[in-house]
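**Student:** Got a file for you: run-v2.csv, CSV, C-alpha atoms.
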```csv
chain,number,residue,atom,x,y,z
A,23,MET,CA,68.4,-21.6,-14.4
A,24,LYS,CA,68.7,-20.3,-10.8
A,25,ILE,CA,66.5,-17.4,-9.7
A,26,LEU,CA,66.6,-15.1,-6.7
A,27,ILE,CA,63.2,-13.7,-5.6
A,28,VAL,CA,63.5,-10.6,-3.3
A,29,ASP,CA,60.3,-9.3,-1.6
A,30,ASP,CA,59.4,-8.4,1.9
A,31,SER,CA,55.9,-10.0,1.5
A,32,SER,CA,56.1,-13.8,2.0
A,33,THR,CA,52.8,-14.1,0.0
A,34,MET,CA,54.4,-12.2,-3.0
A,35,ARG,CA,57.5,-14.4,-2.9
A,36,ARG,CA,55.3,-17.5,-3.0
A,37,ILE,CA,53.2,-16.1,-5.9
A,38,ILE,CA,56.3,-15.3,-7.9
A,39,GLY,CA,57.8,-18.7,-7.0
A,40,ASN,CA,54.6,-20.4,-8.2
A,41,VAL,CA,54.7,-18.6,-11.6
A,42,VAL,CA,58.4,-19.4,-12.0
A,43,GLN,CA,57.6,-23.1,-11.3
A,44,GLN,CA,55.0,-23.0,-14.0
A,45,LEU,CA,57.8,-21.9,-16.3
A,46,GLY,CA,59.5,-25.1,-15.5
A,47,VAL,CA,61.9,-24.0,-12.8
A,48,GLN,CA,62.2,-26.6,-10.1
A,49,LYS,CA,61.5,-25.7,-6.4
A,50,GLY,CA,65.2,-26.1,-5.5
A,51,ASP,CA,66.3,-23.7,-8.3
A,52,PHE,CA,64.9,-20.5,-6.8
A,53,ASP,CA,65.7,-18.8,-3.5
A,54,GLU,CA,63.9,-16.2,-1.5
A,55,ALA,CA,65.1,-13.1,0.4
A,56,GLU,CA,63.0,-10.7,2.4
A,57,ASP,CA,65.0,-7.5,1.9
A,58,GLY,CA,68.1,-6.1,0.0
A,59,VAL,CA,70.5,-6.9,2.8
A,60,VAL,CA,69.6,-10.6,2.9
A,61,ALA,CA,69.6,-10.7,-0.9
A,62,TRP,CA,73.1,-9.2,-1.1
A,63,ASP,CA,74.4,-11.8,1.4
A,64,MET,CA,72.9,-14.6,-0.8
A,65,LEU,CA,74.4,-13.1,-3.9
A,66,GLN,CA,77.8,-13.3,-2.3
A,67,LYS,CA,77.4,-17.0,-1.6
A,68,SER,CA,75.6,-18.3,-4.8
A,69,LYS,CA,75.4,-17.6,-8.5
A,70,TYR,CA,72.0,-16.6,-9.9
A,71,ASP,CA,70.8,-16.3,-13.5
A,72,VAL,CA,68.0,-13.9,-12.9
A,73,ILE,CA,67.1,-11.6,-10.0
A,74,LEU,CA,63.4,-10.6,-9.4
A,75,THR,CA,63.1,-7.8,-6.8
A,76,ASP,CA,60.5,-5.6,-5.2
A,77,TRP,CA,61.2,-1.9,-4.7
A,78,ASN,CA,59.8,-0.9,-1.3
A,79,MET,CA,61.4,-3.1,1.4
A,80,PRO,CA,62.9,-2.5,4.8
A,81,ASN,CA,66.7,-2.3,5.5
A,82,MET,CA,67.7,-2.1,1.9
A,83,ASN,CA,65.2,-1.4,-0.9
A,84,GLY,CA,65.2,-2.9,-4.4
A,85,LEU,CA,66.6,0.2,-6.1
A,86,GLU,CA,69.5,0.3,-3.6
A,87,LEU,CA,70.1,-3.4,-4.2
A,88,VAL,CA,70.2,-3.0,-8.0
A,89,LYS,CA,72.6,0.0,-7.7
A,90,LYS,CA,74.8,-2.1,-5.4
A,91,ILE,CA,74.7,-5.1,-7.7
A,92,ARG,CA,75.6,-3.0,-10.7
A,93,SER,CA,78.4,-1.2,-8.9
A,94,GLU,CA,79.8,-3.8,-6.5
A,95,GLY,CA,78.4,-7.2,-7.5
A,96,SER,CA,81.5,-8.7,-9.1
A,97,SER,CA,79.9,-11.9,-10.3
A,98,HIS,CA,76.4,-10.4,-10.7
A,99,LYS,CA,77.2,-7.1,-12.3
A,100,LYS,CA,75.4,-8.1,-15.5
A,101,THR,CA,72.8,-10.5,-14.0
A,102,PRO,CA,69.4,-9.7,-15.5
A,103,THR,CA,67.2,-8.0,-13.0
A,104,VAL,CA,63.4,-7.5,-13.1
A,105,MET,CA,61.8,-5.0,-10.7
A,106,ILE,CA,58.3,-6.2,-9.6
A,107,THR,CA,56.7,-3.4,-7.6
A,108,THR,CA,53.5,-1.4,-6.9
A,109,GLU,CA,55.4,1.8,-7.9
A,110,GLY,CA,53.6,2.6,-11.2
A,111,GLY,CA,54.7,6.1,-11.9
A,112,LYS,CA,56.6,7.0,-15.1
A,113,GLY,CA,59.2,8.7,-13.0
A,114,GLU,CA,59.9,5.6,-10.9
A,115,VAL,CA,60.1,3.4,-14.0
A,116,ILE,CA,62.8,5.7,-15.5
A,117,THR,CA,64.6,5.9,-12.2
A,118,ALA,CA,64.7,2.1,-12.0
A,119,LEU,CA,65.9,1.7,-15.6
A,120,LYS,CA,68.6,4.2,-15.1
A,121,ALA,CA,69.7,2.3,-12.0
A,122,GLY,CA,70.3,-0.8,-14.2
A,123,VAL,CA,67.0,-2.7,-14.0
A,124,ASN,CA,66.4,-4.8,-17.2
A,125,ASN,CA,62.7,-5.0,-17.0
A,126,TYR,CA,59.8,-3.6,-14.9
A,127,ILE,CA,56.5,-5.2,-13.8
A,128,VAL,CA,53.8,-3.3,-12.0
A,129,LYS,CA,51.8,-5.2,-9.3
A,130,PRO,CA,49.2,-6.7,-9.6
A,131,PHE,CA,50.5,-8.7,-12.5
A,132,ASN,CA,49.3,-11.9,-14.0
A,133,ALA,CA,51.4,-15.0,-14.6
A,134,GLN,CA,51.4,-14.4,-18.4
A,135,THR,CA,53.1,-11.0,-18.0
A,136,LEU,CA,55.8,-12.5,-15.8
A,137,LYS,CA,56.3,-15.3,-18.3
A,138,GLU,CA,56.6,-12.9,-21.2
A,139,LYS,CA,59.2,-10.8,-19.3
A,140,LEU,CA,61.2,-13.8,-18.2
A,141,ASP,CA,61.1,-15.6,-21.6
A,142,PRO,CA,64.1,-13.7,-23.1
A,143,PHE,CA,66.3,-14.6,-20.2
A,144,PHE,CA,65.2,-18.3,-20.4
A,145,LYS,CA,66.0,-18.4,-24.1
A,146,SER,CA,69.4,-16.8,-23.8
B,1,MET,CA,17.1,-4.6,122.5
B,2,SER,CA,19.3,-6.0,119.9
B,3,MET,CA,19.5,-9.6,118.5
B,4,THR,CA,22.0,-11.9,120.1
B,5,GLN,CA,24.3,-13.9,118.0
B,6,GLU,CA,22.5,-17.1,118.7
B,7,GLU,CA,19.2,-15.6,117.6
B,8,ILE,CA,20.8,-14.4,114.3
B,9,GLU,CA,22.3,-17.9,113.6
B,10,ALA,CA,19.0,-19.5,114.4
B,11,LEU,CA,17.3,-17.2,112.0
B,12,MET,CA,20.0,-18.0,109.3
B,13,ASN,CA,19.6,-21.7,109.8
B,14,ASP,CA,15.8,-21.4,109.5
B,15,THR,CA,16.3,-19.5,106.2
B,16,SER,CA,18.8,-22.0,104.8
B,17,MET,CA,16.6,-24.9,105.8
B,18,ALA,CA,13.8,-23.3,104.0
B,19,ASP,CA,16.2,-23.0,100.9
B,20,ASP,CA,16.7,-26.8,101.0
B,21,SER,CA,13.1,-28.0,101.4
B,22,GLU,CA,10.6,-25.3,101.0
B,23,PRO,CA,10.0,-22.4,98.7
B,24,GLU,CA,11.8,-19.2,99.7
B,25,ALA,CA,10.3,-17.6,102.8
B,26,SER,CA,7.9,-14.9,101.9
B,27,GLU,CA,8.1,-11.4,103.2
B,28,GLU,CA,5.2,-12.0,105.5
B,29,ASN,CA,7.0,-14.9,107.1
B,30,ILE,CA,10.1,-12.8,107.7
B,31,ASP,CA,7.9,-10.1,109.2
B,32,ASP,CA,6.4,-12.7,111.5
B,33,ILE,CA,9.8,-13.9,112.5
B,34,LEU,CA,11.1,-10.5,113.0
B,35,ALA,CA,7.9,-9.6,115.0
B,36,GLY,CA,8.8,-12.5,117.3
B,37,ILE,CA,12.2,-11.1,118.0
B,38,ASP,CA,12.4,-8.5,120.7
B,39,GLY,CA,13.6,-5.1,119.7
B,40,ILE,CA,12.8,-5.5,116.1
B,41,VAL,CA,10.2,-2.8,115.2
B,42,ASP,CA,8.7,-2.4,111.8
B,43,ASP,CA,9.1,1.4,111.1
B,44,GLY,CA,7.3,1.2,107.8
B,45,SER,CA,10.3,2.3,105.9
B,46,THR,CA,9.8,-0.1,103.0
B,47,THR,CA,9.3,1.6,99.7
B,48,GLU,CA,7.4,-1.2,98.2
B,49,GLY,CA,4.1,-0.2,96.8
B,50,MET,CA,5.0,3.5,96.9
B,51,ALA,CA,3.5,5.2,93.9
B,52,GLU,CA,5.8,7.0,91.6
B,53,GLU,CA,3.7,10.1,92.1
B,54,SER,CA,4.4,10.0,95.8
B,55,ILE,CA,8.1,9.8,95.2
B,56,ASP,CA,7.9,12.7,92.9
B,57,ASP,CA,6.0,14.6,95.6
B,58,ILE,CA,8.7,13.8,98.1
B,59,LEU,CA,11.4,14.9,95.7
B,60,ALA,CA,9.5,18.0,94.9
B,61,GLY,CA,9.6,18.9,98.5
B,62,ILE,CA,13.3,18.7,98.7
B,63,ASP,CA,15.2,21.8,97.8
B,64,GLY,CA,17.8,21.5,95.1
B,65,ILE,CA,16.4,18.3,93.6
B,66,VAL,CA,15.8,18.9,89.9
B,67,ASP,CA,14.1,16.4,87.6
B,68,GLU,CA,16.7,15.8,85.0
B,69,GLU,CA,14.6,13.3,83.0
B,70,PRO,CA,14.6,14.6,79.4
B,71,GLN,CA,11.3,16.0,78.1
B,72,GLU,CA,9.7,14.3,75.1
B,73,GLU,CA,10.8,16.3,72.0
B,74,LEU,CA,8.1,18.2,70.3
B,75,SER,CA,7.7,17.4,66.6
B,76,ASN,CA,7.5,20.1,64.0
B,77,SER,CA,3.8,19.4,63.5
B,78,ASP,CA,3.1,19.6,67.3
B,79,MET,CA,5.0,22.9,67.3
B,80,ASP,CA,2.9,24.1,64.4
B,81,ASP,CA,-0.3,23.1,66.3
B,82,ILE,CA,0.8,24.9,69.4
B,83,LEU,CA,1.8,28.0,67.4
B,84,ALA,CA,-1.5,27.9,65.5
B,85,GLY,CA,-3.3,28.0,68.8
B,86,ILE,CA,-1.6,31.2,70.0
B,87,GLU,CA,-3.2,34.3,68.7
B,88,GLY,CA,-1.0,36.8,66.9
B,89,VAL,CA,1.6,34.2,65.9
B,90,VAL,CA,1.8,34.2,62.1
B,91,ASP,CA,4.1,31.9,60.0
B,92,ASP,CA,5.8,34.3,57.7
B,93,THR,CA,8.6,31.9,56.5
B,94,PRO,CA,8.2,31.5,52.7
B,95,ALA,CA,7.9,27.9,51.7
B,96,PRO,CA,11.2,26.9,50.0
B,97,THR,CA,10.9,26.4,46.3
B,98,PRO,CA,11.8,22.8,45.5
B,99,ILE,CA,14.9,22.7,43.3
B,100,ALA,CA,14.8,20.2,40.4
B,101,GLU,CA,17.2,17.4,41.0
B,102,ALA,CA,20.1,17.5,38.6
B,103,PRO,CA,20.0,14.8,36.0
B,104,LYS,CA,22.4,11.8,36.7
B,105,ALA,CA,25.6,12.3,34.8
B,106,PRO,CA,26.4,9.5,32.3
B,107,SER,CA,29.3,7.3,33.1
B,108,ILE,CA,32.6,7.7,31.3
B,109,ASN,CA,32.1,4.5,29.4
B,110,ASP,CA,28.7,5.8,28.1
B,111,GLN,CA,30.4,9.0,27.0
B,112,ILE,CA,33.2,7.1,25.2
B,113,ASN,CA,30.7,4.9,23.5
B,114,SER,CA,28.5,7.8,22.4
B,115,GLY,CA,31.6,9.6,21.0
B,116,ILE,CA,31.7,12.5,23.5
B,117,TYR,CA,35.1,11.5,24.8
B,118,PRO,CA,37.7,9.8,22.7
B,119,MET,CA,39.1,6.3,23.5
B,120,PRO,CA,41.8,6.4,26.2
B,121,VAL,CA,45.3,6.5,24.6
B,122,GLU,CA,46.3,2.9,25.0
B,123,ASN,CA,48.3,0.7,22.7
B,124,GLU,CA,45.2,-1.1,21.3
B,125,HIS,CA,43.6,2.3,20.5
B,126,LYS,CA,46.6,3.9,18.8
B,127,VAL,CA,45.8,4.1,15.1
B,128,VAL,CA,49.3,3.3,13.8
B,129,ASN,CA,49.5,0.3,16.1
B,130,GLN,CA,46.1,-0.9,15.0
B,131,LEU,CA,47.0,-0.5,11.3
B,132,ASN,CA,50.2,-2.3,11.8
B,133,GLU,CA,48.4,-5.2,13.5
B,134,VAL,CA,45.9,-5.3,10.6
B,135,ALA,CA,48.8,-5.5,8.1
B,136,GLU,CA,50.6,-8.3,10.1
B,137,ASP,CA,47.4,-10.3,10.7
B,138,SER,CA,46.5,-10.0,7.0
B,139,GLU,CA,50.0,-11.2,6.0
B,140,GLU,CA,49.6,-14.2,8.3
B,141,LYS,CA,46.1,-15.1,7.0
B,142,ALA,CA,47.2,-14.6,3.4
B,143,SER,CA,50.0,-17.1,4.0
B,144,GLN,CA,47.6,-19.6,5.4
B,145,ILE,CA,45.3,-19.2,2.4
B,146,PHE,CA,48.3,-19.7,0.2
B,147,ASP,CA,49.0,-23.0,2.1
B,148,VAL,CA,45.5,-24.2,1.3
B,149,LEU,CA,45.9,-23.3,-2.4
B,150,SER,CA,49.3,-25.0,-2.5
B,151,PHE,CA,47.8,-28.1,-0.9
B,152,ILE,CA,45.1,-28.3,-3.6
B,153,LEU,CA,47.8,-27.9,-6.3
B,154,ASP,CA,49.9,-30.6,-4.8
B,155,GLU,CA,46.9,-33.0,-4.5
B,156,ASN,CA,45.9,-32.2,-8.1
B,157,ASP,CA,49.4,-32.9,-9.2
B,158,MET,CA,49.2,-36.3,-7.5
B,159,VAL,CA,45.9,-37.1,-9.2
B,160,SER,CA,47.4,-36.1,-12.6
B,161,LYS,CA,50.4,-38.4,-12.1
B,162,ASN,CA,48.0,-41.3,-11.3
B,163,THR,CA,45.9,-40.4,-14.3
B,164,VAL,CA,48.9,-40.8,-16.5
B,165,LYS,CA,49.6,-44.3,-15.0
B,166,VAL,CA,45.9,-45.3,-15.5
B,167,ASN,CA,46.1,-44.1,-19.1
B,168,GLU,CA,49.2,-46.0,-19.8
B,169,PHE,CA,47.6,-49.2,-18.4
B,170,LEU,CA,44.4,-48.6,-20.5
B,171,ASP,CA,46.5,-48.0,-23.7
B,172,ASN,CA,48.2,-51.4,-23.1
B,173,GLN,CA,44.9,-53.1,-22.4
B,174,ILE,CA,43.4,-51.7,-25.5
B,175,LYS,CA,46.4,-52.8,-27.6
B,176,LEU,CA,46.1,-56.3,-26.1
B,177,LEU,CA,42.4,-56.5,-26.7
B,178,GLU,CA,42.7,-55.2,-30.2
B,179,THR,CA,45.2,-58.0,-30.9
B,180,LEU,CA,43.0,-60.6,-29.4
B,181,ASN,CA,40.0,-59.2,-31.3
B,182,THR,CA,41.9,-59.4,-34.5
B,183,LYS,CA,42.8,-63.0,-33.9
B,184,PHE,CA,39.4,-64.0,-32.5
B,185,PRO,CA,36.9,-61.7,-34.2
B,186,ASN,CA,34.1,-64.1,-33.3
B,187,ILE,CA,34.5,-63.6,-29.6
B,188,ASP,CA,32.4,-60.6,-28.6
B,189,VAL,CA,34.0,-60.1,-25.2
B,190,PHE,CA,37.2,-58.6,-26.7
B,191,SER,CA,35.3,-56.1,-28.8
B,192,GLN,CA,33.1,-55.2,-25.8
B,193,ASN,CA,36.1,-54.7,-23.5
B,194,ILE,CA,37.8,-52.5,-26.2
B,195,ASP,CA,34.7,-50.2,-26.2
B,196,GLN,CA,34.6,-50.2,-22.4
B,197,ALA,CA,38.4,-49.4,-22.1
B,198,ASN,CA,37.9,-46.6,-24.7
B,199,ASP,CA,35.0,-45.1,-22.6
B,200,ILE,CA,37.2,-45.2,-19.5
B,201,LYS,CA,40.0,-43.5,-21.4
B,202,VAL,CA,37.6,-40.7,-22.4
B,203,SER,CA,36.5,-40.4,-18.7
B,204,MET,CA,40.2,-40.1,-17.7
B,205,THR,CA,40.7,-37.4,-20.2
B,206,GLU,CA,37.8,-35.5,-18.8
B,207,ILE,CA,39.2,-35.9,-15.3
B,208,SER,CA,42.6,-34.6,-16.5
B,209,ASN,CA,40.9,-31.6,-18.1
B,210,SER,CA,38.9,-30.9,-14.9
B,211,ILE,CA,42.2,-31.0,-12.9
B,212,ASP,CA,43.8,-28.6,-15.4
B,213,ALA,CA,40.9,-26.2,-15.2
B,214,GLU,CA,40.9,-26.4,-11.4
B,215,ASN,CA,44.7,-25.7,-11.3
B,216,ASN,CA,44.2,-22.7,-13.5
B,217,LYS,CA,41.6,-21.4,-11.1
B,218,VAL,CA,44.0,-22.0,-8.2
B,219,PHE,CA,46.7,-20.1,-10.0
B,220,GLU,CA,44.2,-17.3,-10.6
B,221,ALA,CA,43.4,-17.2,-6.9
B,222,MET,CA,47.1,-17.1,-6.1
B,223,GLU,CA,47.5,-14.1,-8.5
B,224,LEU,CA,44.6,-12.4,-6.8
B,225,MET,CA,46.4,-12.8,-3.5
B,226,GLN,CA,48.6,-9.9,-4.6
B,227,PHE,CA,45.8,-7.7,-3.3
B,228,HIS,CA,47.3,-8.4,0.2
B,229,ASP,CA,50.7,-6.9,-0.7
B,230,ILE,CA,49.1,-3.9,-2.4
B,231,ASN,CA,46.7,-3.3,0.5
B,232,ARG,CA,49.5,-3.6,3.0
B,233,GLN,CA,51.5,-1.0,1.1
B,234,LYS,CA,48.4,1.3,1.1
B,235,ILE,CA,48.1,0.8,4.9
B,236,GLU,CA,51.8,1.6,5.2
B,237,ARG,CA,51.3,4.8,3.3
B,238,VAL,CA,48.4,5.8,5.6
B,239,MET,CA,50.6,5.0,8.6
B,240,ALA,CA,53.4,7.2,7.3
B,241,VAL,CA,50.9,10.1,6.8
B,242,ILE,CA,49.6,9.6,10.4
B,243,ARG,CA,53.1,9.6,11.8
B,244,LYS,CA,54.0,12.8,10.0
B,245,LEU,CA,50.7,14.4,11.0
B,246,SER,CA,51.3,13.4,14.6
B,247,ASN,CA,54.7,14.9,14.7
B,248,TYR,CA,53.3,18.1,13.0
B,249,LEU,CA,50.5,18.4,15.6
B,250,SER,CA,52.8,17.7,18.5
B,251,GLY,CA,55.0,20.5,17.2
B,252,ILE,CA,52.1,22.9,16.9
B,253,PHE,CA,50.5,22.2,20.3
B,254,ALA,CA,53.7,21.7,22.3
B,255,ASP,CA,53.7,24.0,25.3
B,256,ASP,CA,57.2,25.3,26.0
B,257,SER,CA,56.2,27.7,28.8
B,258,THR,CA,57.1,26.8,32.4
B,259,LYS,CA,54.0,28.5,33.8
B,260,ALA,CA,52.1,26.3,36.2
B,261,GLU,CA,48.8,25.1,34.8
B,262,VAL,CA,45.8,27.1,36.1
B,263,GLN,CA,42.7,25.2,37.3
B,264,ILE,CA,40.0,25.7,34.7
B,265,ALA,CA,36.4,26.7,35.4
B,266,GLN,CA,34.0,23.8,35.1
B,267,HIS,CA,30.8,25.8,34.4
B,268,ILE,CA,30.8,29.3,33.1
B,269,SER,CA,27.6,31.4,32.9
B,270,GLY,CA,26.1,30.9,29.5
B,271,ASP,CA,27.5,27.4,29.0
B,272,GLY,CA,24.0,25.9,29.0
B,273,GLN,CA,21.6,24.1,31.3
B,274,ASP,CA,24.3,23.1,33.8
B,275,THR,CA,24.6,26.7,35.2
B,276,VAL,CA,22.2,27.9,38.0
B,277,THR,CA,19.8,30.8,37.4
B,278,ASP,CA,19.5,33.7,39.9
B,279,ASP,CA,16.3,32.1,41.2
B,280,ASP,CA,18.0,28.8,41.8
B,281,LEU,CA,20.8,30.5,43.5
B,282,ASP,CA,18.5,32.4,45.9
B,283,SER,CA,16.5,29.3,46.6
B,284,LEU,CA,19.6,27.3,47.4
B,285,ILE,CA,20.9,30.0,49.7
B,286,ALA,CA,17.6,30.3,51.5
B,287,GLU,CA,17.4,26.6,51.9
B,288,PHE,CA,20.8,26.3,53.3
B,289,ASN,CA,20.4,29.2,55.7
B,290,ASN,CA,17.3,27.5,57.2
```
Translate the structure of the given file into C-alpha cells.
**Tutor:**
Amino acid sequence: MKILIVDDSSTMRRIIGNVVQQLGVQKGDFDEAEDGVVAWDMLQKSKYDVILTDWNMPNMNGLELVKKIRSEGSSHKKTPTVMITTEGGKGEVITALKAGVNNYIVKPFNAQTLKEKLDPFFKS
Amino acid sequence: MSMTQEEIEALMNDTSMADDSEPEASEENIDDILAGIDGIVDDGSTTEGMAEESIDDILAGIDGIVDEEPQEELSNSDMDDILAGIEGVVDDTPAPTPIAEAPKAPSINDQINSGIYPMPVENEHKVVNQLNEVAEDSEEKASQIFDVLSFILDENDMVSKNTVKVNEFLDNQIKLLETLNTKFPNIDVFSQNIDQANDIKVSMTEISNSIDAENNKVFEAMELMQFHDINRQKIERVMAVIRKLSNYLSGIFADDSTKAEVQIAQHISGDGQDTVTDDDLDSLIAEFNN
C-alpha cells in the first residue's frame, strides 16, 4: 500500500504520516508533497494506492489537484482520494465530492477517524 | 660741550665691566658719571615719579587732547539710584508680567509609547509582515516539538523491542526451571527462581503497558499539534482581510489632484492650552519691544 500525503504544513504531513504508520504502513511506503504542483509531478513518476490531500495550499490547491487527477491522471484517474481540510462548510464538502473526492475529513481530526476512513481502501 | 668718542667708549667699558663683576649700575651712579662729564646737564626731564594726576593736568592743558579711556558702565541699579535722587523723575514703565514657561514637549518616542503617534511604518511594524512571521515561526517551532515527540516514540519503540527479548529469555528460563523443578522437586532453589522469574515477567508486562500508555499520550499530543495548522489558516484569513482593507483604504484616501500641498497651521485659536491669550500676546509684544 503506497500513500501520497499532500499538505503545505509540514506538521500536518508528519501527523498524517504518523497515523498512517500506526495503520501498519512502513515509513518508505508513503511520500509527502507540499502543494498540488509537486504532488502532480510525483503522481507522474510513481504509482500510489491512496491520495490524502489538503484543500488550501499555494500554487495548486487540493480541489484543483483532484479535478486534474480525475480528468488527466491516466494511471490515477480512479485512485481513492481523501480530502483532509479545515474547510468545514456543507457547501465545500459537496463541491469536493462533486470534484471526485472519495472521502472527506475536517481538521482537527483524531487518529481513529482517519483509520476508519482509510480502512475500506486498505481492505480492498 | 659734547662727549668725545673716547669718553663715550670709556663710559661703555665701565658699564660692561660692571655687567661682568658687579650689579648693574644704579641710576644715581650714572647720574654721577654724567655729572662728571662736561656738557652733560641734567634738565630734569625724567618722568619717573610723576604722579598720574600731574600727567592728566598736563594733558588737560593741551588743546585737542581728549581722554579716550572708556568710562565705567553704569549698572541698571546705579541708574535707578541716580534717577531716584532726581526730583520729578518717575518710573512709569509697567513691570512686565512674567509669562509662564511652556511645558517641555514630550519626545517622539514617549508619544509613540503612550499611543499618541502610531509606530513608524517599517517592515517589523507592518501587521501583515508580523502575522506572516508569527505563522512561520510557529511552523518552525511546531516542527521542533514534533521532532521531540518522534524521538520519544522511537526510544519507546526501542525499549519495547528489548522488552520482547527479555520476555523471551524469561519464558525460556521459566521453562527450564520448571523442568528442573519437576525432576528435582526437593531442591527449593528451582522453585524459588521460578517465582522470581514470574515476578520479573509481571514487571516487564507493567513496563510494556506503561510504554503503550506513554505512546498513546504522545500520539494524542501529535494530534493536538493540528492546532498549529488551524491557527495558521486563521492567521492567513486575517492577513487576507487586512490586505483587502489596505487596498480599499488606499483607494478611498488616494489623492489624485496635482495641487501642491499647502502648509498646515500648527495651532489654531480654540485648539486648547497651546494657543496664546490676548494678555499673553500683549505681554510678549511689550517684553520684546523693551
**Student:** Each residue of chain B with at least one atom at most 8 Å from chain A should appear once, together with its nearest atom pair and the corresponding distance in Å (one decimal); atoms considered: all atoms listed in the file; ordering: chain, then increasing residue number; output as a Markdown table.
**Tutor:**
```
| residue | atom | partner | partner_atom | distance |
| --- | --- | --- | --- | --- |
| B:Glu139 | CA | A:Thr33 | CA | 7.2 |
| B:Ala142 | CA | A:Thr33 | CA | 6.6 |
| B:Ser143 | CA | A:Thr33 | CA | 5.7 |
| B:Phe146 | CA | A:Thr33 | CA | 7.2 |
| B:Met222 | CA | A:Ile37 | CA | 6.2 |
| B:Glu223 | CA | A:Asn132 | CA | 6.2 |
| B:Leu224 | CA | A:Pro130 | CA | 7.8 |
| B:Met225 | CA | A:Thr33 | CA | 7.4 |
| B:Gln226 | CA | A:Pro130 | CA | 6.0 |
| B:Phe227 | CA | A:Pro130 | CA | 7.2 |
| B:His228 | CA | A:Thr33 | CA | 7.9 |
| B:Asp229 | CA | A:Ser31 | CA | 6.4 |
| B:Ile230 | CA | A:Thr108 | CA | 6.8 |
```
**Student:** So that I can see what lies close to Val42 in chain A, please list as an NGL selection string the residues with an atom at most 10 Å from it, counting only C-alpha atoms and leaving out residues fewer than 6 positions away in the same chain.
**Tutor:** :A and (25 or 27 or 36 or 48-49 or 51-52 or 133 or 136-137 or 140)
**Student:** Within 9 Å of Ile108 in chain B, counting all atoms listed in the file, which residues show up once you throw out same-chain ones fewer than 4 positions away? Write them as an mmCIF file with C-alpha atoms, in the coordinates of the input, please.
**Tutor:**
```
data_model
loop_
_atom_site.group_PDB
_atom_site.id
_atom_site.type_symbol
_atom_site.label_atom_id
_atom_site.label_comp_id
_atom_site.auth_asym_id
_atom_site.auth_seq_id
_atom_site.Cartn_x
_atom_site.Cartn_y
_atom_site.Cartn_z
ATOM 1 C CA ILE B 112 33.200 7.100 25.200
ATOM 2 C CA ASN B 113 30.700 4.900 23.500
ATOM 3 C CA TYR B 117 35.100 11.500 24.800
#
```
**Student:** List the neighbours of Gly110 in chain A out to 10 Å using all atoms listed in the file; skip same-chain residues closer than 6 positions along the sequence, and give me the result as a PDB file with C-alpha atoms, in the frame of the given file.
**Tutor:**
```pdb
ATOM      1  CA  TYR A 126      59.800  -3.600 -14.900  1.00  0.00           C
ATOM      2  CA  ILE A 127      56.500  -5.200 -13.800  1.00  0.00           C
ATOM      3  CA  VAL A 128      53.800  -3.300 -12.000  1.00  0.00           C
ATOM      4  CA  LYS A 129      51.800  -5.200  -9.300  1.00  0.00           C
TER       5      LYS A 129
END
```
**Student:** One number please: CA of Leu26 in chain A to CA of Glu220 in chain B, in Å, one decimal.
**Tutor:** 22.8 Å
**Student:** State, in Å with one decimal place, the distance from CA of Glu133 in chain B to CA of Gly115 in chain B.
**Tutor:**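 Atom-to-atom, CA of Glu133 in chain B to CA of Gly115 in chain B, that is 23.6 Å.
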**Student:** Can you work out which one of A:Gly50, A:Gly122, A:Pro80, A:Gly111 has the shortest atom-to-atom distance to His98 in chain A, counting all atoms listed in the file?
**Tutor:**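 Among A:Gly50, A:Gly122, A:Pro80, A:Gly111, it is A:Gly122 that comes nearest to His98 in chain A.
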**Student:** May I ask for the distance between CA of Ser250 in chain B and CA of His267 in chain B, given in Å to one decimal place?
**Tutor:**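 Taking CA of Ser250 in chain B as the start and CA of His267 in chain B as the end point, the length is 28.3 Å.
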**Student:** Using only C-alpha atoms, which of A:Ile106, A:Leu119, A:Val59, A:Met23 sits nearest Leu87 in chain A?
**Tutor:**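 Result for the nearest residue to Leu87 in chain A: A:Val59.
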**Student:** I'd like the neighbourhood of Asn167 in chain B as JSON, numbers by chain, where a residue qualifies if any of its atoms comes within 12 Å (using all atoms listed in the file), though same-chain residues fewer than 2 positions away should be ignored.
**Tutor:** {"B": [160, 161, 162, 163, 164, 165, 169, 170, 171, 172, 173, 174, 197, 198, 199, 200, 201, 202, 203, 204, 205, 206, 207, 208]}
**Student:** Need the neighbours of (71.1, -4.4, -15.1): which residues are at most 6 Å away, counting only C-alpha atoms, as a list in words?
**Tutor:** Lys100, Pro102, Thr103, Gly122, Val123 and Asn124 of chain A
**Student:** Which residues, written as a list in words, have at least one atom at most 9 Å from Trp62 in chain A, with all atoms listed in the file counted and residues fewer than 3 positions away on the same chain left out?
**Tutor:** Asp57, Gly58, Val59, Leu65, Gln66, Lys67, Leu87, Lys90, Ile91 and Gly95 of chain A
